[in-house]
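Dumped entry20.pdb below, it's PDB, C-alpha atoms:
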```
ATOM      1  CA  MET A   1     -49.687  -3.319   9.492
ATOM      2  CA  GLN A   2     -46.870  -0.903   8.637
ATOM      3  CA  ASN A   3     -44.854  -1.699   5.541
ATOM      4  CA  PRO A   4     -41.389  -2.791   6.861
ATOM      5  CA  SER A   5     -39.674  -1.118   3.898
ATOM      6  CA  LEU A   6     -41.246   2.275   4.649
ATOM      7  CA  PRO A   7     -38.522   3.455   7.102
ATOM      8  CA  ARG A   8     -35.843   2.549   4.573
ATOM      9  CA  LEU A   9     -37.684   4.457   1.827
ATOM     10  CA  LEU A  10     -38.028   7.498   4.075
ATOM     11  CA  LEU A  11     -34.316   7.376   4.909
ATOM     12  CA  LEU A  12     -33.419   7.042   1.219
ATOM     13  CA  SER A  13     -35.650   9.980   0.326
ATOM     14  CA  PHE A  14     -34.081  12.111   3.065
ATOM     15  CA  THR A  15     -30.598  11.218   1.845
ATOM     16  CA  LEU A  16     -31.394  12.045  -1.793
ATOM     17  CA  ILE A  17     -32.951  15.376  -0.828
ATOM     18  CA  SER A  18     -29.848  16.192   1.224
ATOM     19  CA  VAL A  19     -27.538  15.316  -1.659
ATOM     20  CA  PHE A  20     -29.507  17.506  -4.070
ATOM     21  CA  ASN A  21     -29.450  20.377  -1.570
ATOM     22  CA  LEU A  22     -25.688  19.923  -1.258
ATOM     23  CA  VAL A  23     -25.200  20.045  -5.030
ATOM     24  CA  LEU A  24     -27.789  22.636  -5.953
ATOM     25  CA  GLY A  25     -27.309  25.095  -3.114
ATOM     26  CA  ASP A  26     -29.767  27.957  -2.680
ATOM     27  CA  GLU A  27     -29.643  29.306  -6.226
ATOM     28  CA  GLY A  28     -30.181  26.259  -8.423
ATOM     29  CA  PHE A  29     -27.977  23.859 -10.312
ATOM     30  CA  CYS A  30     -26.409  26.182 -12.874
ATOM     31  CA  SER A  31     -25.369  28.878 -10.435
ATOM     32  CA  ALA A  32     -24.100  26.666  -7.623
ATOM     33  CA  PRO A  33     -20.342  26.699  -7.042
ATOM     34  CA  SER A  34     -18.877  23.214  -7.300
ATOM     35  CA  ILE A  35     -17.253  21.787  -4.200
ATOM     36  CA  LEU A  36     -14.756  20.252  -6.624
ATOM     37  CA  ASP A  37     -13.667  23.652  -7.943
ATOM     38  CA  GLN A  38      -9.883  23.880  -7.815
ATOM     39  CA  THR A  39      -9.462  27.416  -9.136
ATOM     40  CA  ASP A  40      -7.407  30.068  -7.343
ATOM     41  CA  SER A  41      -5.392  27.345  -5.600
ATOM     42  CA  SER A  42      -2.185  29.143  -6.569
ATOM     43  CA  SER A  43      -3.043  31.933  -4.142
ATOM     44  CA  LYS A  44      -3.497  29.521  -1.232
ATOM     45  CA  PRO A  45      -0.762  28.354   1.166
ATOM     46  CA  LEU A  46       0.965  25.045   0.456
ATOM     47  CA  TYR A  47      -1.036  22.055   1.744
ATOM     48  CA  TRP A  48      -4.019  24.251   2.659
ATOM     49  CA  LYS A  49      -6.442  21.499   1.685
ATOM     50  CA  VAL A  50      -5.089  19.188   4.394
ATOM     51  CA  THR A  51      -6.929  21.347   6.933
ATOM     52  CA  SER A  52      -9.593  22.656   4.496
ATOM     53  CA  PRO A  53     -10.400  19.654   2.256
ATOM     54  CA  THR A  54     -12.558  19.965  -0.856
ATOM     55  CA  LEU A  55     -15.215  17.700   0.638
ATOM     56  CA  SER A  56     -15.038  18.974   4.213
ATOM     57  CA  PRO A  57     -17.009  17.840   7.273
ATOM     58  CA  SER A  58     -19.260  20.888   6.824
ATOM     59  CA  HIS A  59     -20.383  19.577   3.420
ATOM     60  CA  LEU A  60     -21.661  16.417   5.111
ATOM     61  CA  GLN A  61     -23.715  18.051   7.843
ATOM     62  CA  ASP A  62     -26.961  17.282   6.007
ATOM     63  CA  LEU A  63     -26.047  13.602   5.662
ATOM     64  CA  PRO A  64     -26.352  12.213   9.210
ATOM     65  CA  GLY A  65     -24.274   9.109   9.741
ATOM     66  CA  PHE A  66     -22.457   9.380   6.398
ATOM     67  CA  THR A  67     -18.681   9.025   6.254
ATOM     68  CA  ARG A  68     -16.161   8.025   3.606
ATOM     69  CA  SER A  69     -14.014   6.370   6.280
ATOM     70  CA  VAL A  70     -13.536   2.601   6.026
ATOM     71  CA  TYR A  71     -11.863   0.066   8.293
ATOM     72  CA  ARG A  72     -10.882  -3.388   7.065
ATOM     73  CA  ARG A  73      -8.612  -6.119   8.376
ATOM     74  CA  ASP A  74      -5.730  -5.044   6.134
ATOM     75  CA  HIS A  75      -6.354  -1.355   5.467
ATOM     76  CA  ALA A  76      -8.195   1.736   6.597
ATOM     77  CA  LEU A  77      -9.239   5.015   4.999
ATOM     78  CA  ILE A  78      -9.615   7.754   7.628
ATOM     79  CA  THR A  79     -11.256  10.864   6.184
ATOM     80  CA  PRO A  80     -11.490  14.333   7.807
ATOM     81  CA  GLU A  81     -15.122  14.055   8.937
ATOM     82  CA  SER A  82     -14.074  11.099  11.121
ATOM     83  CA  HIS A  83     -11.131  12.767  12.874
ATOM     84  CA  VAL A  84     -11.698  12.982  16.625
ATOM     85  CA  PHE A  85      -9.585  15.604  18.404
ATOM     86  CA  SER A  86      -8.943  15.730  22.136
ATOM     87  CA  PRO A  87      -6.187  17.149  24.384
ATOM     88  CA  LEU A  88      -2.923  15.496  23.419
ATOM     89  CA  PRO A  89      -1.311  13.650  26.360
ATOM     90  CA  ASP A  90       1.761  15.456  27.776
ATOM     91  CA  TRP A  91       1.347  18.386  25.347
ATOM     92  CA  THR A  92       0.065  21.792  26.451
ATOM     93  CA  ASN A  93      -2.748  23.636  24.702
ATOM     94  CA  THR A  94      -2.678  21.123  21.837
ATOM     95  CA  LEU A  95      -5.408  18.971  20.361
ATOM     96  CA  GLY A  96      -4.519  15.673  18.760
ATOM     97  CA  ALA A  97      -6.257  13.103  16.562
ATOM     98  CA  TYR A  98      -4.719   9.625  16.626
ATOM     99  CA  LEU A  99      -5.253   8.221  13.121
ATOM    100  CA  ILE A 100      -3.105   5.064  13.122
ATOM    101  CA  THR A 101      -2.069   3.168  16.278
ATOM    102  CA  PRO A 102      -1.102  -0.416  17.210
ATOM    103  CA  ALA A 103      -4.790  -1.030  17.977
ATOM    104  CA  ILE A 104      -5.346  -1.117  14.207
ATOM    105  CA  GLY A 105      -2.474  -3.574  13.693
ATOM    106  CA  SER A 106       0.396  -1.155  13.003
ATOM    107  CA  HIS A 107       3.789  -1.021  14.694
ATOM    108  CA  PHE A 108       3.809   2.793  14.590
ATOM    109  CA  VAL A 109       1.624   5.725  15.580
ATOM    110  CA  MET A 110       0.475   8.510  13.254
ATOM    111  CA  TYR A 111      -1.442  11.512  14.542
ATOM    112  CA  LEU A 112      -2.297  15.125  13.841
ATOM    113  CA  ALA A 113      -1.320  17.751  16.399
ATOM    114  CA  LYS A 114      -3.091  21.116  16.328
ATOM    115  CA  MET A 115      -0.982  23.519  18.346
ATOM    116  CA  GLN A 116      -2.504  26.783  19.529
ATOM    117  CA  GLU A 117      -1.075  29.984  20.993
ATOM    118  CA  ASN A 118       1.489  29.314  23.754
ATOM    119  CA  SER A 119       1.398  25.554  23.174
ATOM    120  CA  ARG A 120       4.223  23.146  23.855
ATOM    121  CA  SER A 121       4.934  19.515  22.991
ATOM    122  CA  GLY A 122       5.606  16.618  25.305
ATOM    123  CA  LEU A 123       8.232  13.945  24.881
ATOM    124  CA  PRO A 124       7.561  10.505  23.423
ATOM    125  CA  PRO A 125       8.037   7.437  25.679
ATOM    126  CA  ASN A 126      11.518   5.988  26.242
ATOM    127  CA  ASP A 127      13.157   4.402  23.184
ATOM    128  CA  VAL A 128      10.546   5.916  20.851
ATOM    129  CA  GLU A 129      11.671   7.946  17.839
ATOM    130  CA  ARG A 130       9.591  10.763  16.366
ATOM    131  CA  LEU A 131       9.225  12.582  13.050
ATOM    132  CA  ILE A 132       7.184  15.758  12.710
ATOM    133  CA  PHE A 133       6.072  17.366   9.441
ATOM    134  CA  VAL A 134       4.469  20.820   9.344
ATOM    135  CA  THR A 135       1.362  21.235   7.162
ATOM    136  CA  GLN A 136       0.133  24.586   8.522
ATOM    137  CA  GLY A 137       1.669  27.431  10.516
ATOM    138  CA  ALA A 138       5.105  27.361  12.145
ATOM    139  CA  VAL A 139       6.727  25.941  15.277
ATOM    140  CA  THR A 140      10.069  26.356  17.017
ATOM    141  CA  LEU A 141      12.059  23.206  17.796
ATOM    142  CA  THR A 142      14.591  23.454  20.638
ATOM    143  CA  ASN A 143      16.946  20.729  21.848
ATOM    144  CA  SER A 144      18.610  20.246  25.240
ATOM    145  CA  SER A 145      21.648  22.257  24.098
ATOM    146  CA  GLY A 146      19.438  25.300  23.528
ATOM    147  CA  ILE A 147      19.766  25.171  19.733
ATOM    148  CA  SER A 148      16.533  26.213  18.031
ATOM    149  CA  ASN A 149      15.131  25.764  14.529
ATOM    150  CA  LYS A 150      12.001  27.351  13.113
ATOM    151  CA  LEU A 151       9.943  24.844  11.173
ATOM    152  CA  VAL A 152       7.473  26.198   8.609
ATOM    153  CA  VAL A 153       5.113  24.440   6.187
ATOM    154  CA  ASP A 154       6.892  21.617   4.311
ATOM    155  CA  SER A 155       9.636  21.466   6.967
ATOM    156  CA  TYR A 156      10.254  18.431   9.120
ATOM    157  CA  ALA A 157      12.400  17.144  11.953
ATOM    158  CA  TYR A 158      13.515  13.660  12.945
ATOM    159  CA  LEU A 159      14.085  13.181  16.666
ATOM    160  CA  PRO A 160      16.078  10.053  17.643
ATOM    161  CA  PRO A 161      14.914   7.883  20.548
ATOM    162  CA  ASN A 162      15.493   9.462  23.979
ATOM    163  CA  PHE A 163      16.391  12.795  22.368
ATOM    164  CA  ASP A 164      15.399  15.687  24.637
ATOM    165  CA  HIS A 165      13.506  18.366  22.711
ATOM    166  CA  SER A 166      10.482  20.642  22.754
ATOM    167  CA  LEU A 167       8.204  22.225  20.183
ATOM    168  CA  LYS A 168       6.667  25.625  20.865
ATOM    169  CA  CYS A 169       4.042  27.541  18.932
ATOM    170  CA  ASP A 170       3.173  31.218  19.374
ATOM    171  CA  GLY A 171       0.241  31.218  16.943
ATOM    172  CA  SER A 172      -1.275  28.076  15.459
ATOM    173  CA  ALA A 173       0.193  25.125  13.611
ATOM    174  CA  THR A 174      -0.809  21.684  12.375
ATOM    175  CA  LEU A 175       1.724  18.856  12.493
ATOM    176  CA  VAL A 176       1.719  15.313  11.201
ATOM    177  CA  VAL A 177       3.562  13.176  13.750
ATOM    178  CA  PHE A 178       4.966   9.662  13.351
ATOM    179  CA  GLU A 179       6.298   7.710  16.321
ATOM    180  CA  ARG A 180       7.566   4.158  16.678
ATOM    181  CA  ARG A 181       9.604   2.154  19.131
ATOM    182  CA  TYR A 182      13.095   2.172  17.686
ATOM    183  CA  ALA A 183      14.556  -1.169  16.543
ATOM    184  CA  PHE A 184      18.120  -0.849  17.850
ATOM    185  CA  LEU A 185      21.089  -2.282  15.941
ATOM    186  CA  ASP A 186      24.574  -2.770  17.379
ATOM    187  CA  ASN A 187      27.028  -0.028  16.400
ATOM    188  CA  HIS A 188      24.338   2.042  14.651
ATOM    189  CA  ILE A 189      22.788   5.269  15.889
ATOM    190  CA  THR A 190      20.483   7.778  14.249
ATOM    191  CA  GLU A 191      21.055  11.528  14.211
ATOM    192  CA  HIS A 192      18.825  14.523  14.790
ATOM    193  CA  ILE A 193      17.723  15.855  11.376
ATOM    194  CA  VAL A 194      15.992  19.082  10.364
ATOM    195  CA  GLY A 195      15.077  19.658   6.724
ATOM    196  CA  SER A 196      12.461  20.571   4.153
ATOM    197  CA  THR A 197      10.976  18.687   1.221
ATOM    198  CA  ASP A 198      12.220  21.115  -1.439
ATOM    199  CA  LYS A 199      15.831  20.593  -0.293
ATOM    200  CA  GLN A 200      15.688  16.838  -0.878
ATOM    201  CA  PRO A 201      16.914  15.545  -4.252
ATOM    202  CA  LEU A 202      14.664  13.778  -6.729
ATOM    203  CA  LEU A 203      15.482  10.075  -6.773
ATOM    204  CA  GLU A 204      15.339   7.630  -9.646
ATOM    205  CA  THR A 205      12.159   5.555  -9.923
ATOM    206  CA  PRO A 206      12.895   2.875 -12.558
ATOM    207  CA  GLY A 207       9.776   1.900 -14.475
ATOM    208  CA  GLU A 208       7.678   4.592 -12.792
ATOM    209  CA  VAL A 209       6.649   8.137 -13.726
ATOM    210  CA  PHE A 210       6.066   9.704 -10.296
ATOM    211  CA  GLU A 211       8.632  11.946  -8.595
ATOM    212  CA  LEU A 212      10.157  10.657  -5.360
ATOM    213  CA  ARG A 213      11.943  12.323  -2.471
ATOM    214  CA  LYS A 214      12.967  10.715   0.824
ATOM    215  CA  LEU A 215      13.153  12.743   4.018
ATOM    216  CA  LEU A 216      15.572  10.470   5.905
ATOM    217  CA  PRO A 217      18.859   8.811   4.947
ATOM    218  CA  ALA A 218      18.603   5.352   3.410
ATOM    219  CA  SER A 219      21.409   4.071   5.695
ATOM    220  CA  MET A 220      21.033   1.161   8.128
ATOM    221  CA  PRO A 221      20.549   3.085  11.390
ATOM    222  CA  TYR A 222      17.137   4.331  10.245
ATOM    223  CA  ASP A 223      14.334   1.793  10.609
ATOM    224  CA  PHE A 224      11.758   3.822   8.714
ATOM    225  CA  ASN A 225      11.605   6.510   6.065
ATOM    226  CA  ILE A 226       9.123   9.081   4.850
ATOM    227  CA  HIS A 227       8.566   9.274   1.091
ATOM    228  CA  ILE A 228       7.145  12.319  -0.668
ATOM    229  CA  MET A 229       5.577  11.170  -3.939
ATOM    230  CA  ASP A 230       4.304  13.483  -6.697
ATOM    231  CA  PHE A 231       1.934  12.495  -9.527
ATOM    232  CA  GLN A 232       0.704  14.701 -12.327
ATOM    233  CA  PRO A 233      -2.973  14.286 -13.348
ATOM    234  CA  GLY A 234      -3.421  10.983 -15.185
ATOM    235  CA  GLU A 235      -0.208   9.429 -13.833
ATOM    236  CA  PHE A 236      -0.365   6.212 -11.851
ATOM    237  CA  LEU A 237       1.750   3.539 -10.214
ATOM    238  CA  ASN A 238       2.932   0.955 -12.733
ATOM    239  CA  VAL A 239       3.642  -1.616 -10.032
ATOM    240  CA  LYS A 240       0.607  -3.124  -8.304
ATOM    241  CA  GLU A 241       2.399  -3.347  -4.964
ATOM    242  CA  LEU A 242       2.149  -6.186  -2.464
ATOM    243  CA  HIS A 243       4.937  -6.345   0.136
ATOM    244  CA  TYR A 244       5.811  -6.903   3.792
ATOM    245  CA  ASN A 245       6.117  -3.184   4.628
ATOM    246  CA  GLN A 246       3.479  -1.181   6.445
ATOM    247  CA  HIS A 247       2.377   2.268   5.306
ATOM    248  CA  GLY A 248       0.801   5.333   6.814
ATOM    249  CA  LEU A 249      -0.179   7.880   4.148
ATOM    250  CA  LEU A 250      -1.451  11.460   4.168
ATOM    251  CA  LEU A 251      -2.595  12.972   0.877
ATOM    252  CA  LEU A 252      -1.157  16.492   0.953
ATOM    253  CA  GLU A 253      -2.434  17.755  -2.404
ATOM    254  CA  GLY A 254      -4.732  16.703  -5.213
ATOM    255  CA  LEU A 255      -7.122  13.798  -5.570
ATOM    256  CA  GLY A 256      -7.212  10.366  -7.115
ATOM    257  CA  ILE A 257      -8.205   6.717  -6.807
ATOM    258  CA  TYR A 258      -6.500   4.342  -4.363
ATOM    259  CA  ARG A 259      -6.884   0.601  -4.682
ATOM    260  CA  LEU A 260      -6.590  -1.262  -1.379
ATOM    261  CA  GLY A 261      -7.226  -4.987  -1.543
ATOM    262  CA  ASP A 262     -10.283  -5.452  -3.750
ATOM    263  CA  SER A 263     -11.711  -1.988  -3.013
ATOM    264  CA  TRP A 264     -11.235   1.233  -4.979
ATOM    265  CA  TYR A 265     -11.494   4.503  -3.044
ATOM    266  CA  PRO A 266     -11.776   8.095  -4.288
ATOM    267  CA  VAL A 267      -9.341  10.074  -2.131
ATOM    268  CA  GLN A 268      -8.532  13.759  -1.684
ATOM    269  CA  ALA A 269      -6.125  16.012   0.200
ATOM    270  CA  GLY A 270      -6.574  15.513   3.932
ATOM    271  CA  ASP A 271      -7.324  11.775   3.691
ATOM    272  CA  VAL A 272      -5.206   9.293   5.669
ATOM    273  CA  ILE A 273      -4.630   5.648   4.726
ATOM    274  CA  TRP A 274      -3.223   2.734   6.713
ATOM    275  CA  MET A 275      -1.901  -0.228   4.716
ATOM    276  CA  ALA A 276      -1.077  -3.493   6.438
ATOM    277  CA  PRO A 277       1.619  -5.846   5.126
ATOM    278  CA  PHE A 278       0.737  -7.631   1.892
ATOM    279  CA  VAL A 279      -2.395  -5.673   1.055
ATOM    280  CA  PRO A 280      -2.564  -5.052  -2.731
ATOM    281  CA  GLN A 281      -2.171  -1.321  -3.339
ATOM    282  CA  TRP A 282      -2.198   1.039  -6.319
ATOM    283  CA  TYR A 283      -2.766   4.750  -6.953
ATOM    284  CA  ALA A 284      -3.854   6.915  -9.910
ATOM    285  CA  ALA A 285      -3.952  10.733  -9.856
ATOM    286  CA  LEU A 286      -7.062  12.530 -11.089
ATOM    287  CA  GLY A 287      -8.202  16.146 -11.263
ATOM    288  CA  LYS A 288      -6.368  19.141 -12.716
ATOM    289  CA  THR A 289      -3.525  19.626 -10.252
ATOM    290  CA  ARG A 290      -0.587  17.660  -8.872
ATOM    291  CA  SER A 291      -1.165  14.882  -6.352
ATOM    292  CA  ARG A 292       1.361  14.724  -3.538
ATOM    293  CA  TYR A 293       1.340  12.333  -0.644
ATOM    294  CA  LEU A 294       3.511  11.647   2.362
ATOM    295  CA  LEU A 295       4.152   7.960   3.036
ATOM    296  CA  TYR A 296       5.611   6.164   6.069
ATOM    297  CA  LYS A 297       7.520   2.960   5.270
ATOM    298  CA  ASP A 298       9.490   0.633   7.565
ATOM    299  CA  VAL A 299      12.947  -0.201   6.175
ATOM    300  CA  ASN A 300      16.376  -1.683   6.949
ATOM    301  CA  ARG A 301      15.238  -4.385   9.356
ATOM    302  CA  ASN A 302      14.850  -8.133   8.902
ATOM    303  CA  PRO A 303      11.112  -8.910   9.051
ATOM    304  CA  LEU A 304      11.912 -11.857  11.329
TER     305      LEU A 304
END
```
Could you write out this file's structure as structure tokens?
Amino acid sequence: MQNPSLPRLLLLSFTLISVFNLVLGDEGFCSAPSILDQTDSSSKPLYWKVTSPTLSPSHLQDLPGFTRSVYRRDHALITPESHVFSPLPDWTNTLGAYLITPAIGSHFVMYLAKMQENSRSGLPPNDVERLIFVTQGAVTLTNSSGISNKLVVDSYAYLPPNFDHSLKCDGSATLVVFERRYAFLDNHITEHIVGSTDKQPLLETPGEVFELRKLLPASMPYDFNIHIMDFQPGEFLNVKELHYNQHGLLLLEGLGIYRLGDSWYPVQAGDVIWMAPFVPQWYAALGKTRSRYLLYKDVNRNPL
């Protein structure tokens, strides 16, 4: 009779051999370039590791079935090897990967849009607001009045609900897109905003060491904001957060450890995280370079 543990042993052996091949390469341990090497990053474009992460899908080709992605009741880690791209509805010549949607328990949508040559965006549904953030390439944003703005890497635009607009790309570009059904308030309206991270002031963070910028005004009309948070290597959140807000996070630069609930996850540029209300959360930056992440947060509305 066949030993029932034999298939498991064979699978384990195959996995270990694959890992050693990944680490050793073709020339042996000492001469193999490390996939964690962060040298020459100064010559690369800003946020280049969002689309070319240190541990990329190609590094995992010899590990069938392996993924760092995790889905739990109150959080999810969605890593690049799990991104599934398909034609984006109502957009032309654009592939999209929906990373966070109401199916996961969120009240917002977060997706990546990869625009190609001669591509054009569609409009969100009625009463849905949109924020786009450029991580690669450039796009041209045009509104119904014919006013255009060129958005390059680290630029963003907030489009109020029912705001007529289009995005065009003549080359290639990667966008992070947030959309949510706007929570209207009497006598309050939001405005069309175009900006860039480096133009936003650093804000005070009492009791914390990270640097904080906010992309949208903190005023009542806006029912969400996008935070840009910077950590130097070794810095970490002092507060072990647990709150009613939801988060959608994209790590733009660096690497670190994220605690979500009772789990601790190594994370790197290109990783996306969904955090449900009241999940314990904490971050520490590792490596040799700055960590920067982009964080969605709902604000200015009564949770009832």
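Applied to this file, the PyMOL selection byres ((chain A and resi 109) around 10) selects the residues Tyr98, Leu99, Ile100, Thr101, Pro102, Ala103, Ile104, Ser106, His107, Phe108, Met110, Tyr111, Arg130, Val177, Phe178, Glu179, Arg180, Arg181 and Gly248 of chain A.
Once A:Pro201 and its same-chain neighbours fewer than 3 positions away are set aside, Thr197, Asp198, Leu212, Arg213 and Lys214 of chain A remain within 9 Å of it when counting only C-alpha atoms.
Selection check: the PyMOL selection byres ((chain A and resi 155) around 6) on the shown file gives Phe133, Val134, Leu151, Val152, Val153, Asp154, Tyr156, Gly195 and Ser196 of chain A.
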Kindly save the residues from that selection, with C-alpha atoms included, as a PDB file, in the coordinates of the input.
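In the end it all went to result-v6.pdb:
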```pdb
ATOM      1  CA  PHE A 133       6.072  17.366   9.441  1.00  0.00           C
ATOM      2  CA  VAL A 134       4.469  20.820   9.344  1.00  0.00           C
ATOM      3  CA  LEU A 151       9.943  24.844  11.173  1.00  0.00           C
ATOM      4  CA  VAL A 152       7.473  26.198   8.609  1.00  0.00           C
ATOM      5  CA  VAL A 153       5.113  24.440   6.187  1.00  0.00           C
ATOM      6  CA  ASP A 154       6.892  21.617   4.311  1.00  0.00           C
ATOM      7  CA  TYR A 156      10.254  18.431   9.120  1.00  0.00           C
ATOM      8  CA  GLY A 195      15.077  19.658   6.724  1.00  0.00           C
ATOM      9  CA  SER A 196      12.461  20.571   4.153  1.00  0.00           C
TER      10      SER A 196
END
```
Nearest to A:Thr140 by atom-to-atom distance, counting all atoms listed in the file, from A:Gln61, A:Ser166, A:Asn126, A:Ser52: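 Distance minimum relative to A:Thr140 lands on A:Ser166.
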Among the residues A:Phe231, A:Trp91, A:Phe163, A:Phe184, the one that comes closest to A:Leu255 [using all atoms listed in the file]: A:Phe231
Result set of the PyMOL selection byres ((chain A and resi 87) around 12) on the coordinates above, as a list of chain:residue names: A:Val84, A:Phe85, A:Ser86, A:Leu88, A:Pro89, A:Asp90, A:Trp91, A:Thr92, A:Asn93, A:Thr94, A:Leu95, A:Gly96, A:Ala97, A:Tyr98, A:Leu112, A:Ala113, A:Lys114, A:Met115, A:Gln116, A:Ser119, A:Ser121, A:Gly122
d(atom CA of A:Glu117, atom CA of A:Trp48) in Å: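 The value is 19.4 Å.
The smallest atom-to-atom distance between A:Leu123 and any of A:Leu159, A:Ala138, A:Met275, A:Ala173, using all atoms listed in the file, is found for A:Leu159.
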Atom CA of A:Thr142 to atom CA of A:Gly171, distance in Å rounded to a single decimal: 16.7 Å
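Note that the spacing between atom CA of A:Pro233 and atom CA of A:Thr67 amounts to 25.7 Å.
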Expected residue set, 9 Å radius at (2.3, -7.4, 4.2), all atoms listed in the file, as a list of chain:residue names: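 Here is the list of nearby residues: A:Asp74, A:Leu242, A:His243, A:Tyr244, A:Asn245, A:Gln246, A:Met275, A:Ala276, A:Pro277, A:Phe278, A:Val279, A:Pro280.
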A:Ile189 surroundings by all atoms listed in the file, 12 Å radius, close-in-sequence under 5 positions cut, as a ChimeraX atom specification: /A:129,159-163,182-184,219-223
Residue neighbourhood A:Leu250, 12 Å, only C-alpha atoms, exclusion window fewer than 6 positions, as JSON, numbers by chain: {"A": [47, 49, 50, 51, 77, 78, 79, 80, 99, 100, 110, 111, 112, 133, 135, 175, 176, 177, 178, 226, 227, 228, 229, 267, 268, 269, 270, 271, 272, 273, 274, 275, 291, 292, 293, 294, 295, 296]}
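Residue nearest A:Gln136 within the list A:Pro124, A:Gly105, A:Leu46, A:Asn118: A:Leu46 [criterion: smallest interatomic distance, all atoms listed in the file].
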Pick from A:Asn300, A:Ser82, A:Ser263, A:Ser43 nearest to A:Asn225, counting only C-alpha atoms: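 Of A:Asn300, A:Ser82, A:Ser263, A:Ser43, the one nearest A:Asn225, counting only C-alpha atoms, is A:Asn300.
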Exercise: residues within 10 Å of coordinate (8.7, 0.7, -15.3), counting all atoms listed in the file, as number ranges by chain: A: 205-209, 237-239
Closest of A:Ser145, A:Ser172, A:Thr289, A:Gln281 to A:Gly254 - atom-to-atom distances counting all atoms listed in the file: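 Result for the nearest residue to A:Gly254: A:Thr289.
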